[in-house]
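Please read the structure below before turning to the comments.
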Amino acid sequence: MNTSTLQHVTSVATHQGHVIRRRDFLRNLTAASLAAGSWNWTEAIAASSEQLRSQGMACILLWMQGGPSQFETFSPKPNHPNGGETKAISTSVPGIQIADNLPYCAKVMDELAIIRSMSSKEGNHQRATYLLHHGYLPMGGVNFPSLGSNVAHQIGNAANQLPNFVRIGNRLANAGGGGFLGVDFDPLVLRSANRPPDHTKPLTDVKRYHRRLRLLDSMEASFAAEGGAQIVTDHRKLVESASDMIMSPRMDAFDLEKEPASIREAYGQGDFAAGCMMARRLVEQGVTFVEVVSNGWDTHLDGFNRTRELTAQIDQPMAALIDDLKQRGMLEKTLVVWLGEFGRTPRINPRAGRDHFPRAFNAVLAGGGVRGGQVIGATNDAGTEVTDRPVAITDLFRSIYYTLGIDADEENLSRIGRPIKLVDGGEVVTELFG
Amino acid sequence: MARINYLALFLIVVSPIAQAESPARLAKRIDHSLQNEVFDQHSQAEQLKLAPRTDDLAFMRRVWLDIVGDIPTPEEITAFALDPTEEKRDRLVDRLLNDPHYGQNWARYWRDVIFFRAVDERSQIATNAMESDLGTWLNEGRAWSEIATEFITAHGDVQEVGGAAIMMAQDGMTEETTAEVSRIFLGIQIQCAQCHDHPYDRWKRDQFHELAAFFPRIAVRPVRELTQRSFEVVGTDRFGRKPPNNERFPTAEHMMPDLEDPQAPGTKMEPKFFLTSAKVPWGTTDSARRTQLAQWLTENEWFATAIVNRMWAELVGEGFYPNVEDIGPDRAPVAPKTVKLLSRKFQESGYDLKWLIKTICATEAYQRESRPRRATDGTPFVANVPQRLRSDQLYNALLTAFDDDEEKPTRRRGPRANTSQRGRFAEVFAYDPSISREEAVSSIPQVLALMNSPEIDLKTRGKRADLLETLISEIQQDDELTTEIFLRTLGREPTHEELEAVKSYREEIADRQIVFEDLAWSLVNTTEFQHRK
């Protein structure tokens, strides 16, 4: 199959939007290539990674599970007792200071937009994690898609052999998946970037593997006809996606050994660093949405020490990711978002920790059309109240969709036929752009 | 020995406590009640179609997976199919409930319920003790109320005391433990009222913190001994100096934080049970507080309703309340009278879980063939619903299908538990059993693990796996061999189409060994193998 045929089919798929699902598309593609008498994925992936996404946009979500302290990260308050022992340092942008825990991020401040006035009401981990991943609170009967799934659905390309949504990090409850959009938009979840996907080598030669798949397919029919119609359909899709993925040369994206030593050094050590590096590799290979999870931010006790350990894990990799994307000319089209489910209390509790505080917390954005080097919103000296430019969760979600070129008012039909907007309400935070 | 058993039997029969209605009789009443409440209410416009009763083989695989978490062997299947007696289904259920794997299976289920919500990875250290203690309690037939009391009142080393699991999983934190106790035993999400009055429920913020006031005196502390490190749940009534290293320390009373003024110490809360407003005075000891809460909680109707709804949802595939951990007076069940009847009878049985399972398994609702999950506007309980196997069930099924022994786990309790083959399997296949089953979907890593893992391959490759090799050489006739492999994996005979598919595969490939290895591989990878119908 030649490139122009692929481009033609790709453009048909893109033109009709997400009506054509990735699997159906691949099926057509397979039929076409078989008809042409050639079965060679290496040729079939000649399309460039940018062609694999609408407008070439991608998003990397750096997720701080547990609720990172704003005081110890992007909103230090060194002149108030609530600020605790955390100091502020200057950044590459005059007048903007962040916590001394983040020296590397301070150097890329000119690319960062800090929102210091995120505000919500959810102080429970499960519900807040759900809210900050879906833009909605959990609601009985509606299986909302996660942010990454919606983005993959809207601008991910059907022709990519890698999943359009990859989540790197241990079991993350309530972060969601494809929801009513279906298994096609579920994330591929990796426990750690230091442990690439397991079981990606077929046990037999490729010919026998394909034969086995054919036999398997014929053994699915009777359950599909009895009580398993939908689950068999979903399972068949997964078997197909998984097989396409492991046969794809793009699998190299998961192999961090391929990265030169200088780059690996720049990102630093640890799971989160590896996750950021893999996120860049995946975006390069056409993946639309990558989520990298950092755990352990629920610092109720011994908060200053524990947060320092955590910031040491994320500071260098986050800054390196932004640098790396910039040097490769990818930053313009790759939105990086740093976020957790809520912030932490201004009051330092008797165990030297901070508790849950959704009323005023931080989000940080970079790249993807965001104007860096600015701070949006503010809190009072004690950090207890938002005093300027409150930003709601829906505002943030709307802004993310906006800069990715997605209409947030687009409606999906839930399984019960109810139209659900990507975001209900909210307004774009225009200061972020232009 | 025999004499002792007769004596025990005699005691049970004449015991005044034994007021439980016979499961078979109650099952009929439940079906009747569903007919009245649900099926007869269905609009006449379209004909309501109840799925027929399952055949014996589907029933057998279902009930094995549900009760003992494993699939039956071909010998078991044949014996059951040939048994001509009327009551063989009830008898099978009885037999399985007396198998020690019953306790093990459900202990593992509850282990996942508790530890999927753990706030800290360290708590994994407590899983083995919990699994083993709870397994024993279940096999002994201890009342669910007693079991709940163990979990609410436990203290001690988490590697010795299974009941300490919930507190360990929540790192001994007052508010988190409170939320979990309510979620797991009452099915009520009162923690949503932690920060503000609940938007859709009657629960007020005060009520959450009054419930939390039963748990301010607990904490999880490291235990450092020469030979091992562990953690213990402590409940204390002496509040002296602050422990070192910013360790969490218990407080005499629970303080509700002041949202308007985070600097303030907050409001001192009285221990008060939100469902009845019963309370204990300030200053009550830790042990008296928790014991009192356990008593009030297990006497409450929602305690019975929560477990009845959860077990029904697990066995029939859909609960009376759509969400097993979000029930309560502000939620509307699909068949209110039926769930009330079953809950009341469960209470009368003395909170007997074996009785509950026996009753549900005897209903027509349970024994119907399975159909895809209904749409939101469809009628509930017209069929059973296929369930994706939990990690342990799937792992057991793989072992049983190929007559394999479980790789011996290291006997010691502790954090290395997960390095067993079963533990590694769970890393890929486990899901939180409390979430909606629609959300517990399969994934690419799971598909890859079953298709390509060398451990699975050992089981399907004739040359290296004893069983398959033996079968291939001993069963000369192809159709017979196909049937045997179907029975071993899917617990049923192949359909005509499936036999034909194997035949044509056989014509294509000369090597008989390869054909049947591929068949075994295929069947393990079917959706059907990974579900219980």
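Letters A, B, ... mark the chains of the structure tokens in the order given; residue numbers begin at 1 per chain; ligand numbers begin at 1, in order shown.
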Please, which residues of chain B lie no more than 6 Å from chain A when the count uses only C-alpha atoms, and can they be set out as a VMD selection string? chain B and resid 246 262 to 263 370 to 372 444 448 to 449 452 to 453 518 522 526 to 527
Grab the atom CA of Gly426 of chain A to atom CA of Pro76 of chain A distance for me, in Å with one decimal place.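 Atom CA of Pro76 of chain A lies at a distance of 27.6 Å from atom CA of Gly426 of chain A.
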Got a sec: who's within 10 Å of segment 93-101 of chain B, counting only C-alpha atoms, leaving out chain neighbours fewer than 4 positions off, as JSON, numbers by chain? {"B": [60, 63, 64, 66, 67, 68, 69, 70, 88, 89, 105, 106, 107, 135, 136, 138, 139, 140, 141, 353, 354, 355, 357, 358, 359, 361, 362]}
Go ahead and write the selection's residues with N, CA and C atoms as a PDB file, in the first residue's frame.
ATOM      1  N   MET B  60     -23.780 -25.034  36.341  1.00  0.00           N
ATOM      2  CA  MET B  60     -22.692 -25.574  37.119  1.00  0.00           C
ATOM      3  C   MET B  60     -21.473 -24.649  37.091  1.00  0.00           C
ATOM      4  N   VAL B  63     -22.246 -21.488  39.187  1.00  0.00           N
ATOM      5  CA  VAL B  63     -22.320 -21.618  40.635  1.00  0.00           C
ATOM      6  C   VAL B  63     -20.931 -21.963  41.219  1.00  0.00           C
ATOM      7  N   TRP B  64     -20.146 -22.685  40.453  1.00  0.00           N
ATOM      8  CA  TRP B  64     -18.770 -22.945  40.906  1.00  0.00           C
ATOM      9  C   TRP B  64     -17.986 -21.644  41.006  1.00  0.00           C
ATOM     10  N   ASP B  66     -19.138 -18.630  41.234  1.00  0.00           N
ATOM     11  CA  ASP B  66     -19.714 -17.721  42.221  1.00  0.00           C
ATOM     12  C   ASP B  66     -19.372 -18.129  43.651  1.00  0.00           C
ATOM     13  N   ILE B  67     -19.415 -19.408  43.931  1.00  0.00           N
ATOM     14  CA  ILE B  67     -19.256 -19.799  45.339  1.00  0.00           C
ATOM     15  C   ILE B  67     -17.805 -20.125  45.697  1.00  0.00           C
ATOM     16  N   VAL B  68     -17.141 -20.943  44.888  1.00  0.00           N
ATOM     17  CA  VAL B  68     -15.768 -21.308  45.258  1.00  0.00           C
ATOM     18  C   VAL B  68     -14.714 -20.648  44.375  1.00  0.00           C
ATOM     19  N   GLY B  69     -15.146 -19.830  43.406  1.00  0.00           N
ATOM     20  CA  GLY B  69     -14.189 -19.065  42.610  1.00  0.00           C
ATOM     21  C   GLY B  69     -13.337 -19.902  41.685  1.00  0.00           C
ATOM     22  N   ASP B  70     -13.879 -20.984  41.184  1.00  0.00           N
ATOM     23  CA  ASP B  70     -13.107 -21.860  40.304  1.00  0.00           C
ATOM     24  C   ASP B  70     -14.061 -22.510  39.299  1.00  0.00           C
ATOM     25  N   LYS B  88     -30.710 -31.659  42.551  1.00  0.00           N
ATOM     26  CA  LYS B  88     -29.252 -31.667  42.458  1.00  0.00           C
ATOM     27  C   LYS B  88     -28.633 -30.273  42.473  1.00  0.00           C
ATOM     28  N   ARG B  89     -29.357 -29.280  42.000  1.00  0.00           N
ATOM     29  CA  ARG B  89     -28.784 -27.926  42.016  1.00  0.00           C
ATOM     30  C   ARG B  89     -28.612 -27.426  43.451  1.00  0.00           C
ATOM     31  N   ASN B 105     -12.543 -17.845  48.555  1.00  0.00           N
ATOM     32  CA  ASN B 105     -12.996 -17.048  47.419  1.00  0.00           C
ATOM     33  C   ASN B 105     -13.569 -15.709  47.860  1.00  0.00           C
ATOM     34  N   TRP B 106     -14.457 -15.746  48.848  1.00  0.00           N
ATOM     35  CA  TRP B 106     -15.102 -14.495  49.260  1.00  0.00           C
ATOM     36  C   TRP B 106     -14.187 -13.643  50.127  1.00  0.00           C
ATOM     37  N   ALA B 107     -13.246 -14.267  50.829  1.00  0.00           N
ATOM     38  CA  ALA B 107     -12.264 -13.465  51.568  1.00  0.00           C
ATOM     39  C   ALA B 107     -11.429 -12.656  50.581  1.00  0.00           C
ATOM     40  N   GLY B 135     -11.411 -15.773  55.646  1.00  0.00           N
ATOM     41  CA  GLY B 135     -11.728 -17.068  55.043  1.00  0.00           C
ATOM     42  C   GLY B 135     -12.201 -18.058  56.091  1.00  0.00           C
ATOM     43  N   THR B 136     -11.502 -18.072  57.216  1.00  0.00           N
ATOM     44  CA  THR B 136     -11.896 -18.979  58.299  1.00  0.00           C
ATOM     45  C   THR B 136     -13.271 -18.620  58.845  1.00  0.00           C
ATOM     46  N   LEU B 138     -15.703 -17.093  57.425  1.00  0.00           N
ATOM     47  CA  LEU B 138     -16.764 -17.405  56.461  1.00  0.00           C
ATOM     48  C   LEU B 138     -17.025 -18.906  56.429  1.00  0.00           C
ATOM     49  N   ASN B 139     -15.958 -19.680  56.418  1.00  0.00           N
ATOM     50  CA  ASN B 139     -16.147 -21.132  56.385  1.00  0.00           C
ATOM     51  C   ASN B 139     -16.818 -21.643  57.652  1.00  0.00           C
ATOM     52  N   GLU B 140     -16.525 -20.991  58.768  1.00  0.00           N
ATOM     53  CA  GLU B 140     -17.172 -21.393  60.023  1.00  0.00           C
ATOM     54  C   GLU B 140     -18.619 -20.949  60.071  1.00  0.00           C
ATOM     55  N   GLY B 141     -19.026 -20.136  59.112  1.00  0.00           N
ATOM     56  CA  GLY B 141     -20.411 -19.675  59.086  1.00  0.00           C
ATOM     57  C   GLY B 141     -20.699 -18.608  60.130  1.00  0.00           C
ATOM     58  N   LEU B 353     -24.551 -15.697  56.083  1.00  0.00           N
ATOM     59  CA  LEU B 353     -24.210 -15.486  54.667  1.00  0.00           C
ATOM     60  C   LEU B 353     -24.429 -16.727  53.818  1.00  0.00           C
ATOM     61  N   LYS B 354     -24.145 -17.900  54.393  1.00  0.00           N
ATOM     62  CA  LYS B 354     -24.364 -19.125  53.615  1.00  0.00           C
ATOM     63  C   LYS B 354     -25.853 -19.279  53.296  1.00  0.00           C
ATOM     64  N   TRP B 355     -26.672 -18.944  54.270  1.00  0.00           N
ATOM     65  CA  TRP B 355     -28.122 -18.986  54.057  1.00  0.00           C
ATOM     66  C   TRP B 355     -28.522 -18.022  52.931  1.00  0.00           C
ATOM     67  N   ILE B 357     -26.664 -16.864  50.421  1.00  0.00           N
ATOM     68  CA  ILE B 357     -26.219 -17.353  49.108  1.00  0.00           C
ATOM     69  C   ILE B 357     -27.119 -18.502  48.645  1.00  0.00           C
ATOM     70  N   LYS B 358     -27.426 -19.400  49.588  1.00  0.00           N
ATOM     71  CA  LYS B 358     -28.298 -20.527  49.260  1.00  0.00           C
ATOM     72  C   LYS B 358     -29.647 -20.022  48.736  1.00  0.00           C
ATOM     73  N   THR B 359     -30.193 -19.029  49.425  1.00  0.00           N
ATOM     74  CA  THR B 359     -31.497 -18.487  49.028  1.00  0.00           C
ATOM     75  C   THR B 359     -31.438 -17.855  47.633  1.00  0.00           C
ATOM     76  N   CYS B 361     -29.262 -18.333  45.264  1.00  0.00           N
ATOM     77  CA  CYS B 361     -28.976 -19.325  44.220  1.00  0.00           C
ATOM     78  C   CYS B 361     -30.189 -20.195  43.897  1.00  0.00           C
ATOM     79  N   ALA B 362     -31.153 -20.235  44.823  1.00  0.00           N
ATOM     80  CA  ALA B 362     -32.341 -21.056  44.568  1.00  0.00           C
ATOM     81  C   ALA B 362     -33.420 -20.291  43.806  1.00  0.00           C
TER      82      ALA B 362
END
Write out as number ranges by chain which residues come within 7 Å of segment 391-394 of chain A when counting only C-alpha atoms, dropping same-chain ones fewer than 2 positions away. A: 117-120, 132, 135, 389, 396-398, 423, 425-426
Would you mind listing what lies within 6 Å of Asn164 of chain A as an MDAnalysis selection string, with only C-alpha atoms counted and same-chain residues fewer than 5 positions away left out? chainID A and resid 152 156 287:288
Those same residues - C-alpha atoms - I'd like them written as a PDB file, in the first residue's frame.
ATOM      1  CA  ALA A 152      -8.449  11.025  21.801  1.00  0.00           C
ATOM      2  CA  GLY A 156      -6.861  11.356  17.848  1.00  0.00           C
ATOM      3  CA  VAL A 287      -0.225   9.453  20.431  1.00  0.00           C
ATOM      4  CA  THR A 288      -2.686  12.235  21.234  1.00  0.00           C
TER       5      THR A 288
END
Excluding Cys276 of chain A and any residue of its chain fewer than 3 positions from it, enumerate the residues within 7 Å of it, using only C-alpha atoms, and give them as a ChimeraX atom specification. /A:272-273,279-280,292,317,321
Take the selection from the previous step and output its residues with N, CA and C atoms, as a PDB file, in the first residue's frame.
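Generated output (out-v7.pdb):
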ATOM      1  N   PHE A 272       8.913   9.007  37.447  1.00  0.00           N
ATOM      2  CA  PHE A 272       8.239  10.144  36.832  1.00  0.00           C
ATOM      3  C   PHE A 272       9.063  10.705  35.674  1.00  0.00           C
ATOM      4  N   ALA A 273      10.384  10.742  35.858  1.00  0.00           N
ATOM      5  CA  ALA A 273      11.269  11.215  34.793  1.00  0.00           C
ATOM      6  C   ALA A 273      11.126  10.310  33.564  1.00  0.00           C
ATOM      7  N   ALA A 279       6.435  10.008  27.523  1.00  0.00           N
ATOM      8  CA  ALA A 279       5.324  10.828  27.018  1.00  0.00           C
ATOM      9  C   ALA A 279       5.766  11.547  25.742  1.00  0.00           C
ATOM     10  N   ARG A 280       6.959  12.131  25.788  1.00  0.00           N
ATOM     11  CA  ARG A 280       7.448  12.829  24.593  1.00  0.00           C
ATOM     12  C   ARG A 280       7.605  11.860  23.426  1.00  0.00           C
ATOM     13  N   VAL A 292       0.819  11.262  32.816  1.00  0.00           N
ATOM     14  CA  VAL A 292       1.902  10.710  33.629  1.00  0.00           C
ATOM     15  C   VAL A 292       1.550  10.975  35.089  1.00  0.00           C
ATOM     16  N   PRO A 317      12.287  16.574  35.719  1.00  0.00           N
ATOM     17  CA  PRO A 317      11.645  15.980  34.535  1.00  0.00           C
ATOM     18  C   PRO A 317      10.641  16.911  33.859  1.00  0.00           C
ATOM     19  N   LEU A 321      11.069  18.118  30.140  1.00  0.00           N
ATOM     20  CA  LEU A 321      10.049  17.810  29.133  1.00  0.00           C
ATOM     21  C   LEU A 321       9.731  19.053  28.308  1.00  0.00           C
TER      22      LEU A 321
END
Return as a PyMOL selection string the full set of residues in segment 356-445 of chain B whose backbone-based DSSP assignment is strand (DSSP E or B). chain B and resi 368+370+384+387-388
Residues just named, written with C-alpha atoms as an mmCIF file, in the first residue's frame:
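Dumped everything to part29.cif:
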data_model
loop_
_atom_site.group_PDB
_atom_site.id
_atom_site.type_symbol
_atom_site.label_atom_id
_atom_site.label_comp_id
_atom_site.auth_asym_id
_atom_site.auth_seq_id
_atom_site.Cartn_x
_atom_site.Cartn_y
_atom_site.Cartn_z
ATOM 1 C CA ARG B 368 -32.013 -17.748 34.344
ATOM 2 C CA SER B 370 -27.600 -14.697 31.011
ATOM 3 C CA ASN B 384 -28.771 -13.167 34.776
ATOM 4 C CA GLN B 387 -19.755 -11.105 34.882
ATOM 5 C CA ARG B 388 -16.112 -10.658 34.085
#
Set the distance at 9 Å and use only C-alpha atoms: which residues neighbour Tyr109 of chain B once local chain neighbours fewer than 5 positions away are removed? I'd like the list as a PDB file with C-alpha atoms, in the first residue's frame.
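Result file is result.pdb:
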ATOM      1  CA  GLN B 104     -11.188 -18.302  50.511  1.00  0.00           C
ATOM      2  CA  ILE B 114     -10.974  -3.026  51.122  1.00  0.00           C
ATOM      3  CA  ARG B 390     -12.136 -11.436  39.102  1.00  0.00           C
ATOM      4  CA  ASP B 392      -8.418 -14.886  41.418  1.00  0.00           C
ATOM      5  CA  PRO B 433     -15.347  -5.176  42.892  1.00  0.00           C
TER       6      PRO B 433
END
